[in-house]
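Trainee: work.csv (CSV, C-alpha atoms and all ligand atoms) pasted underneath:
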```csv
chain,number,residue,atom,x,y,z
G,1,MET,CA,-62.0,-217.9,-212.4
G,2,LEU,CA,-60.1,-219.8,-209.8
G,3,ARG,CA,-61.4,-223.2,-209.0
G,4,GLN,CA,-63.6,-223.6,-206.0
G,5,GLY,CA,-61.6,-224.0,-202.8
G,6,LEU,CA,-58.5,-222.2,-204.1
G,7,TYR,CA,-58.8,-219.6,-201.5
G,8,VAL,CA,-60.1,-220.6,-198.1
G,9,VAL,CA,-59.6,-218.4,-195.2
G,10,ARG,CA,-60.7,-219.5,-191.8
G,11,GLY,CA,-60.4,-216.7,-189.3
G,12,LEU,CA,-60.8,-213.0,-189.1
G,13,TYR,CA,-59.7,-209.9,-190.8
G,14,ARG,CA,-60.6,-206.3,-190.5
G,15,ASP,CA,-62.8,-206.5,-193.5
G,16,GLY,CA,-63.1,-210.1,-192.4
G,17,LEU,CA,-66.7,-210.4,-191.8
G,18,LYS,CA,-67.1,-210.6,-195.5
G,19,LEU,CA,-64.4,-213.1,-195.7
G,20,ILE,CA,-65.9,-215.1,-192.8
G,21,ARG,CA,-69.2,-215.3,-194.6
G,22,LEU,CA,-67.4,-216.3,-197.7
G,23,ALA,CA,-65.3,-218.9,-195.8
G,24,GLY,CA,-68.6,-220.1,-194.4
G,25,GLN,CA,-69.6,-220.8,-197.9
G,26,GLN,CA,-66.3,-222.7,-198.1
G,27,SER,CA,-64.9,-221.2,-201.2
G,28,PHE,CA,-64.4,-217.9,-203.0
G,29,ASN,CA,-62.1,-216.5,-205.6
G,30,ARG,CA,-59.6,-213.7,-205.6
G,31,ALA,CA,-62.1,-211.2,-206.6
G,32,HIS,CA,-63.7,-211.7,-203.2
G,33,LEU,CA,-60.5,-210.7,-201.3
G,34,PRO,CA,-60.4,-207.2,-199.8
G,35,ALA,CA,-58.4,-204.8,-201.9
G,36,SER,CA,-55.7,-204.6,-199.2
G,37,TYR,CA,-54.8,-208.3,-199.8
G,38,CYS,CA,-54.4,-207.7,-203.5
G,39,HIS,CA,-51.7,-205.2,-202.6
G,40,GLN,CA,-49.8,-207.7,-200.6
G,41,PRO,CA,-48.4,-210.3,-203.0
G,42,ILE,CA,-46.7,-212.3,-200.3
G,43,GLY,CA,-49.8,-212.2,-198.1
G,44,VAL,CA,-52.0,-213.3,-201.1
G,45,ARG,CA,-49.5,-216.0,-201.9
G,46,ALA,CA,-49.9,-217.1,-198.3
G,47,LEU,CA,-53.6,-217.4,-198.9
G,48,THR,CA,-53.2,-219.7,-201.8
G,49,MET,CA,-54.5,-223.1,-200.8
G,50,SER,CA,-55.5,-226.3,-202.2
G,51,SER,CA,-58.9,-227.9,-201.6
G,52,TRP,CA,-59.8,-229.2,-198.1
G,53,PRO,CA,-58.2,-232.6,-197.8
G,54,PHE,CA,-60.1,-233.9,-194.7
G,55,SER,CA,-63.7,-233.1,-195.4
G,56,SER,CA,-65.6,-231.2,-198.0
G,57,LYS,CA,-67.4,-229.3,-195.2
G,58,PRO,CA,-65.2,-227.5,-192.7
G,59,ARG,CA,-66.7,-227.6,-189.2
G,60,ASP,CA,-67.5,-224.4,-187.4
G,61,TYR,CA,-66.4,-225.1,-183.9
G,62,SER,CA,-68.2,-222.2,-182.4
G,63,LEU,CA,-71.6,-223.8,-182.8
G,64,PRO,CA,-73.3,-225.6,-179.9
G,65,ASN,CA,-72.4,-229.3,-179.3
G,66,GLU,CA,-73.5,-231.9,-176.9
G,67,SER,CA,-70.7,-231.0,-174.4
G,68,TRP,CA,-72.1,-227.5,-173.7
G,69,SER,CA,-73.6,-227.1,-170.3
G,70,PRO,CA,-77.1,-225.5,-170.0
G,71,GLU,CA,-75.4,-222.4,-168.8
G,72,MET,CA,-73.1,-222.2,-171.9
G,73,GLN,CA,-76.1,-222.8,-174.1
G,74,LYS,CA,-78.2,-220.1,-172.3
G,75,LEU,CA,-75.4,-217.5,-172.8
G,76,TYR,CA,-75.0,-218.5,-176.4
G,77,ASP,CA,-78.7,-218.2,-177.0
G,78,HIS,CA,-78.7,-214.8,-175.2
G,79,TYR,CA,-75.9,-213.3,-177.4
G,80,ASN,CA,-77.1,-215.1,-180.5
G,81,ALA,CA,-80.5,-213.5,-180.1
G,82,LEU,CA,-78.8,-210.0,-180.1
G,83,CYS,CA,-77.3,-210.8,-183.6
G,84,GLU,CA,-80.7,-210.4,-185.1
G,85,VAL,CA,-83.3,-207.7,-184.2
G,86,GLU,CA,-86.9,-207.3,-185.3
G,87,GLU,CA,-87.9,-204.0,-186.7
G,88,GLU,CA,-91.4,-203.4,-188.0
G,89,GLY,CA,-92.0,-207.1,-188.3
G,90,GLU,CA,-88.8,-207.5,-190.3
G,91,LYS,CA,-85.7,-209.4,-189.0
G,92,LYS,CA,-82.5,-207.3,-189.3
G,93,ARG,CA,-78.9,-207.8,-188.3
G,94,GLY,CA,-78.2,-206.5,-184.8
G,95,ALA,CA,-75.1,-204.9,-183.4
G,96,TRP,CA,-73.7,-208.3,-182.4
G,97,TRP,CA,-72.1,-210.8,-184.7
G,98,ARG,CA,-71.3,-214.4,-183.9
G,99,LEU,CA,-67.8,-215.2,-185.3
G,100,PRO,CA,-67.4,-218.7,-186.8
G,101,SER,CA,-64.3,-220.6,-185.9
G,102,TYR,CA,-62.5,-223.3,-187.8
G,103,ASN,CA,-59.5,-225.4,-186.7
G,104,ARG,CA,-57.2,-223.9,-189.4
G,105,THR,CA,-56.3,-220.3,-190.0
G,106,LEU,CA,-54.5,-220.4,-193.3
G,107,LYS,CA,-54.4,-223.8,-195.0
G,108,TYR,CA,-51.3,-224.7,-196.9
G,109,ALA,CA,-49.6,-221.3,-196.5
G,110,THR,CA,-47.3,-221.7,-199.5
G,111,GLY,CA,-44.9,-219.0,-198.5
G,112,GLY,CA,-43.8,-220.8,-195.3
G,113,ARG,CA,-40.0,-220.5,-194.9
G,114,CYS,CA,-39.3,-223.1,-192.2
G,115,LEU,CA,-42.3,-225.4,-192.3
G,116,SER,CA,-42.3,-228.5,-194.4
G,117,LYS,CA,-45.4,-229.0,-196.5
G,118,LEU,CA,-46.2,-231.9,-194.2
G,119,LEU,CA,-46.1,-229.8,-191.1
G,120,GLN,CA,-48.1,-227.0,-192.8
G,121,ALA,CA,-50.7,-229.6,-193.7
G,122,LYS,CA,-50.9,-230.8,-190.1
G,123,ALA,CA,-51.0,-227.4,-188.5
G,124,ARG,CA,-54.0,-226.6,-186.5
G,125,LEU,CA,-55.3,-223.5,-184.6
G,126,PHE,CA,-54.2,-224.2,-181.0
G,127,THR,CA,-57.5,-223.6,-179.3
G,128,ARG,CA,-59.4,-225.8,-181.8
G,129,ASN,CA,-57.3,-228.9,-181.9
G,130,ILE,CA,-58.8,-231.1,-179.2
G,131,GLU,CA,-61.3,-233.3,-181.0
G,132,GLU,CA,-63.3,-234.6,-178.0
G,133,PRO,CA,-66.1,-232.2,-177.5
G,134,GLY,CA,-65.9,-230.5,-174.2
G,135,ALA,CA,-62.4,-231.7,-173.3
G,136,GLY,CA,-60.5,-228.5,-174.1
G,137,PHE,CA,-61.5,-225.0,-175.2
G,138,GLU,CA,-65.2,-224.7,-175.9
G,139,TYR,CA,-65.9,-221.1,-176.8
G,140,VAL,CA,-67.8,-218.8,-179.0
G,141,VAL,CA,-67.0,-215.1,-179.7
G,142,PHE,CA,-69.6,-212.4,-180.3
G,143,LEU,CA,-68.4,-209.1,-181.7
G,144,ASN,CA,-70.1,-205.8,-181.0
G,145,LYS,CA,-69.2,-203.7,-184.0
G,146,PRO,CA,-70.4,-200.2,-182.9
G,147,GLU,CA,-68.9,-200.7,-179.4
G,148,LYS,CA,-65.6,-202.1,-180.7
G,149,SER,CA,-65.8,-204.8,-178.2
G,150,CYS,CA,-66.5,-208.5,-177.9
G,151,VAL,CA,-67.6,-211.2,-175.5
G,152,CYS,CA,-66.4,-214.7,-175.5
G,153,VAL,CA,-68.4,-217.4,-173.7
G,154,PHE,CA,-65.8,-220.0,-172.6
G,155,GLN,CA,-66.3,-223.4,-171.1
G,156,ALA,CA,-63.1,-224.9,-169.8
G,157,GLY,CA,-62.7,-228.7,-170.2
G,158,HIS,CA,-60.9,-231.2,-168.1
G,159,LEU,CA,-57.7,-231.2,-170.3
G,160,LEU,CA,-57.0,-227.6,-169.3
G,161,GLU,CA,-56.3,-228.4,-165.7
G,162,GLY,CA,-53.6,-226.5,-163.9
G,163,PRO,CA,-54.1,-226.3,-160.1
G,164,PRO,CA,-56.2,-229.4,-159.1
G,165,GLY,CA,-59.8,-228.8,-160.3
G,166,HIS,CA,-59.0,-225.5,-161.8
G,167,VAL,CA,-57.9,-224.0,-165.1
G,168,HIS,CA,-54.2,-223.7,-166.0
G,169,GLY,CA,-53.0,-220.1,-166.2
G,170,GLY,CA,-51.5,-220.8,-169.6
G,171,ALA,CA,-54.9,-221.9,-170.9
G,172,ILE,CA,-56.5,-218.7,-169.5
G,173,ALA,CA,-53.7,-216.7,-171.2
G,174,THR,CA,-54.3,-218.6,-174.4
G,175,MET,CA,-58.0,-217.7,-174.4
G,176,ILE,CA,-57.2,-214.1,-173.6
G,177,ASP,CA,-54.6,-213.9,-176.4
G,178,SER,CA,-57.1,-215.5,-178.8
G,179,VAL,CA,-60.0,-213.2,-178.0
G,180,THR,CA,-58.1,-209.9,-177.7
G,181,GLY,CA,-56.2,-210.9,-180.8
G,182,THR,CA,-59.5,-211.6,-182.6
G,183,LEU,CA,-60.8,-208.1,-181.7
G,184,ALA,CA,-57.6,-206.5,-182.7
G,185,THR,CA,-57.6,-208.3,-186.0
G,186,TYR,CA,-61.1,-207.2,-186.7
G,187,LEU,CA,-60.3,-203.6,-185.8
G,188,SER,CA,-56.8,-203.3,-187.3
G,189,GLY,CA,-56.3,-206.1,-189.8
G,190,PRO,CA,-53.6,-208.7,-189.5
G,191,VAL,CA,-51.8,-208.2,-186.2
G,192,MET,CA,-49.4,-210.1,-183.9
G,193,THR,CA,-49.4,-209.9,-180.1
G,194,ALA,CA,-46.4,-207.8,-178.9
G,195,ASN,CA,-47.3,-207.7,-175.2
G,196,LEU,CA,-49.8,-209.4,-173.0
G,197,ASN,CA,-50.2,-208.5,-169.3
G,198,MET,CA,-52.1,-210.8,-167.0
G,199,ASN,CA,-53.5,-210.5,-163.5
G,200,TYR,CA,-54.9,-213.7,-162.1
G,201,ARG,CA,-57.4,-212.6,-159.4
G,202,SER,CA,-59.3,-215.8,-158.6
G,203,PRO,CA,-59.1,-219.4,-159.9
G,204,ILE,CA,-61.5,-220.7,-162.6
G,205,PRO,CA,-63.1,-224.0,-161.7
G,206,LEU,CA,-62.7,-226.7,-164.4
G,207,GLY,CA,-66.0,-227.2,-166.3
G,208,SER,CA,-67.3,-223.7,-165.4
G,209,VAL,CA,-68.5,-221.2,-167.9
G,210,VAL,CA,-66.9,-217.7,-167.9
G,211,LEU,CA,-67.2,-214.6,-170.0
G,212,VAL,CA,-64.1,-213.0,-171.6
G,213,HIS,CA,-65.0,-209.4,-172.2
G,214,CYS,CA,-62.6,-207.4,-174.5
G,215,ALA,CA,-62.7,-203.7,-175.5
G,216,LEU,CA,-60.6,-201.4,-177.6
G,217,GLU,CA,-58.7,-198.9,-175.5
G,218,LYS,CA,-56.9,-197.0,-178.3
G,219,VAL,CA,-55.2,-197.2,-181.6
G,220,GLU,CA,-51.9,-195.4,-182.1
G,221,GLY,CA,-50.4,-195.9,-185.6
G,222,ARG,CA,-49.7,-199.6,-185.9
G,223,LYS,CA,-50.4,-200.3,-182.2
G,224,THR,CA,-53.8,-201.5,-181.1
G,225,PHE,CA,-54.4,-201.6,-177.3
G,226,ILE,CA,-57.1,-204.0,-176.0
G,227,SER,CA,-58.3,-204.5,-172.4
G,228,CYS,CA,-59.8,-207.7,-171.2
G,229,ARG,CA,-61.7,-209.0,-168.1
G,230,VAL,CA,-62.6,-212.6,-167.5
G,231,THR,CA,-65.6,-212.9,-165.1
G,232,SER,CA,-68.0,-215.5,-163.9
G,233,SER,CA,-71.0,-216.0,-166.1
G,234,ASP,CA,-73.1,-213.7,-163.8
G,235,ARG,CA,-70.2,-211.1,-164.0
G,236,ALA,CA,-70.1,-211.0,-160.2
G,237,LYS,CA,-66.6,-212.4,-159.8
G,238,LEU,CA,-63.5,-211.2,-161.5
G,239,HIS,CA,-61.2,-214.1,-162.4
G,240,THR,CA,-58.5,-212.4,-164.6
G,241,ASP,CA,-57.9,-209.0,-166.0
G,242,ALA,CA,-55.4,-208.3,-168.8
G,243,THR,CA,-54.2,-205.8,-171.4
G,244,GLY,CA,-52.8,-206.6,-174.8
G,245,LEU,CA,-50.7,-204.7,-177.3
G,246,PHE,CA,-51.1,-205.8,-180.9
G,247,LEU,CA,-48.9,-204.6,-183.8
G,248,THR,CA,-50.3,-204.4,-187.3
G,249,ILE,CA,-48.2,-206.5,-189.6
G,250,ASN,CA,-48.0,-207.3,-193.3
G,251,VAL,CA,-48.7,-211.0,-193.4
G,252,GLY,CA,-45.5,-211.4,-195.3
G,253,HIS,CA,-43.9,-210.9,-191.8
G,254,LEU,CA,-45.0,-214.4,-191.0
G,255,PHE,CA,-43.2,-215.8,-194.1
G,256,GLY,CA,-39.9,-214.2,-193.7
G,257,ALA,CA,-40.5,-211.1,-196.0
W,301,LIG,C1,-51.3,-213.6,-186.4
W,301,LIG,C2,-52.0,-213.8,-187.6
W,301,LIG,C3,-51.8,-212.7,-188.6
W,301,LIG,C4,-52.2,-213.1,-190.0
W,301,LIG,C5,-53.7,-213.0,-190.1
W,301,LIG,C6,-54.2,-214.1,-190.8
W,301,LIG,C7,-55.3,-214.7,-190.4
W,301,LIG,C8,-56.0,-214.3,-189.2
W,301,LIG,C9,-56.8,-215.4,-188.8
W,301,LIG,C10,-57.3,-215.5,-187.6
W,301,LIG,C11,-57.0,-214.6,-186.4
W,301,LIG,C12,-58.0,-214.9,-185.5
W,301,LIG,C13,-57.8,-215.0,-184.2
W,301,LIG,C14,-56.5,-214.7,-183.5
W,301,LIG,C15,-56.1,-215.9,-182.8
W,301,LIG,C16,-55.1,-215.9,-182.1
W,301,LIG,C17,-54.2,-214.7,-181.8
W,301,LIG,C18,-52.9,-215.2,-181.4
W,301,LIG,C19,-51.9,-214.0,-181.6
W,301,LIG,C20,-50.6,-214.5,-181.3
W,301,LIG,O1,-50.4,-215.3,-180.4
W,301,LIG,S1,-49.3,-213.9,-182.1
W,301,LIG,C21,-47.9,-214.9,-181.6
W,301,LIG,C22,-47.1,-214.3,-180.5
W,301,LIG,N1,-46.5,-213.1,-180.9
W,301,LIG,C23,-45.3,-213.1,-181.6
W,301,LIG,O2,-44.8,-214.1,-181.9
W,301,LIG,C24,-44.8,-211.7,-182.0
W,301,LIG,C25,-43.3,-211.8,-182.1
W,301,LIG,N2,-42.8,-210.4,-182.3
W,301,LIG,C26,-42.8,-209.9,-183.5
W,301,LIG,O3,-43.0,-210.5,-184.5
W,301,LIG,C27,-42.4,-208.4,-183.6
W,301,LIG,O4,-41.7,-208.0,-182.4
W,301,LIG,C28,-43.6,-207.5,-183.7
W,301,LIG,C29,-44.3,-207.8,-185.1
W,301,LIG,C30,-44.6,-207.7,-182.6
W,301,LIG,C31,-43.1,-206.1,-183.8
W,301,LIG,O5,-42.1,-206.0,-184.6
W,301,LIG,P1,-42.0,-204.8,-185.7
W,301,LIG,O6,-40.6,-204.9,-186.3
W,301,LIG,O7,-43.1,-204.9,-186.6
W,301,LIG,O8,-42.1,-203.5,-184.9
W,301,LIG,P2,-41.1,-202.8,-184.0
W,301,LIG,O9,-40.2,-203.7,-183.1
W,301,LIG,O10,-40.3,-201.8,-184.8
W,301,LIG,O11,-42.0,-202.0,-183.0
W,301,LIG,C32,-42.9,-201.0,-183.5
W,301,LIG,C33,-43.4,-200.2,-182.3
W,301,LIG,O12,-44.1,-201.1,-181.3
W,301,LIG,C34,-43.3,-201.0,-180.1
W,301,LIG,N3,-43.3,-202.4,-179.5
W,301,LIG,C35,-42.9,-203.5,-180.1
W,301,LIG,N4,-43.0,-204.5,-179.3
W,301,LIG,C36,-43.4,-204.0,-178.1
W,301,LIG,C37,-43.7,-204.6,-176.8
W,301,LIG,N5,-43.5,-205.9,-176.6
W,301,LIG,N6,-44.1,-203.8,-175.8
W,301,LIG,C38,-44.2,-202.5,-176.0
W,301,LIG,N7,-44.0,-201.9,-177.2
W,301,LIG,C39,-43.6,-202.6,-178.2
W,301,LIG,C40,-42.0,-200.5,-180.4
W,301,LIG,O13,-41.4,-199.9,-179.3
W,301,LIG,C41,-42.3,-199.5,-181.5
W,301,LIG,O14,-42.8,-198.4,-180.9
W,301,LIG,P3,-42.5,-196.9,-181.5
W,301,LIG,O15,-42.9,-196.9,-183.0
W,301,LIG,O16,-43.4,-196.0,-180.7
W,301,LIG,O17,-41.1,-196.7,-181.3
```
Would you mind giving the structure from this file in structure tokens?
Ligand SMILES: CCCCC/C=C\C/C=C\C/C=C\C/C=C\CCCC(=O)SCCNC(=O)CCNC(=O)[C@H](O)C(C)(C)COP(=O)(O)OP(=O)(O)OC[C@H]1O[C@@H](n2cnc3c(N)ncnc32)[C@H](O)[C@@H]1OP(=O)(O)O
Mentor:
Amino acid sequence: MLRQGLYVVRGLYRDGLKLIRLAGQQSFNRAHLPASYCHQPIGVRALTMSSWPFSSKPRDYSLPNESWSPEMQKLYDHYNALCEVEEEGEKKRGAWWRLPSYNRTLKYATGGRCLSKLLQAKARLFTRNIEEPGAGFEYVVFLNKPEKSCVCVFQAGHLLEGPPGHVHGGAIATMIDSVTGTLATYLSGPVMTANLNMNYRSPIPLGSVVLVHCALEKVEGRKTFISCRVTSSDRAKLHTDATGLFLTINVGHLFGA
């Protein structure tokens, strides 16, 4: 039995909802890993981590906080309600799943080729590394399993400014990469973005809440094609549309294997 906290995975895998639940419980042992990981020694090595050095309770950044506008909260409540349905007086899991989000993906990836241990320890998921609530990327992703799609409710903070008063195109691309990448990871397992095409149609005002809708287009061998539309919260205005190509990788790819 591996000691608690030996394996902590923050993020998403194809069989990842189980992992996410387990990550939510903060610790699990190797027996909990999907079989596919047990066939990837380097990947599994990459998942070997020591206990959480900063806090005994990792924070789920996709939960409401005081910076969320009433509109953000309303959309969260709407999709969150779809995660649970009532049938014959019994509460059951709905088609939608709220995905938790932590500020690390893999903690202490021991197989790292270039990173010093110090750098690995300091590494943070880009979209979750601004500590002040509301200043950067505030978002929550809801996955629709049967439809192979997801929706992200995104509130853009003041540190994401590009054109005066509006969101930087790189910040928009970051969100699109993250949400399309999340869906691709859920559908196809560990992936990397190979191609991302972006059409910026109308600027996004800072502080506004937008929806990032992503859907599976097709899977061809190792290639997963995802389409994406960023709209105003009432869906009336199109801000950005995009397509992404994700290639399934063995996680060893990230560690020089
Ligand atoms: C990323 C994490 C994975 C690990 C999972 C762990 C934890 C997950 C946790 C959380 C995840 C949650 C959320 C996700 C959050 C953020 C997502 C961010 C994602 C990124 O931000 S990720 C960084 C940017 N990303 C890169 O840094 C990639 C650099 N790159 C490479 O690492 C290689 O380039 C690679 C692997 C992409 C391919 O390399 P490769 O050797 O495996 O494949 P190869 O080149 O042979 O191509 C095979 C077939 O794909 C076609 N093909 C290739 N590239 C193409 C292109 N660009 N356009 C059109 N077609 C293309 C070929 O034409 C051929 O096609 P065909 O077979 O038909 O001939």
Trainee: Just give me the gap between CA of Ala236 in chain G and CA of Phe126 in chain G in Å, one decimal is fine.
Mentor: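 Going from CA of Ala236 in chain G over to CA of Phe126 in chain G covers 29.3 Å.
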Trainee: Residues within 10 Å of (-70.3, -219.2, -168.3), file coordinates, counting all atoms listed in the file: what are they? Give the list as a list in words.
Mentor: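 The distance filter leaves exactly Ser69, Pro70, Glu71, Met72, Gln73, Lys74, Leu75, Tyr76, Tyr139, Cys152, Val153, Phe154, Gln155, Ala156, Gly207, Ser208, Val209, Val210, Leu211, Val212, Thr231, Ser232, Ser233, Asp234 and Arg235 of chain G.
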Trainee: Skipping near chain neighbours, those fewer than 5 positions away, what residues fall within 12 Å of Lys92 in chain G using only C-alpha atoms, listed as a count of residues only?
Mentor: 8
Trainee: Considering only C-alpha atoms and all ligand atoms, state which residue in the set G:Ala135, G:Leu196, G:Cys214, G:Val151 is at the smallest distance from ligand LIG 301 (chain W).
Mentor: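 Among the listed residues, the smallest separation from ligand LIG 301 (chain W) belongs to G:Leu196.
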Trainee: Quick one: pull the distance between CA of Arg93 in chain G and CA of Phe246 in chain G, Å, one decimal.
Mentor: 28.8 Å
Trainee: For CA of Tyr186 in chain G and CA of Ala123 in chain G, determine how far apart the two atoms are, in Å to one decimal place.
Mentor: 22.7 Å
Trainee: Using only C-alpha atoms and all ligand atoms, can you tell me which of G:Val230, G:Val179, G:Leu206, G:Leu187 comes closest to ligand LIG 301 (chain W)?
Mentor: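 Selected residue with least distance to ligand LIG 301 (chain W): G:Val179.
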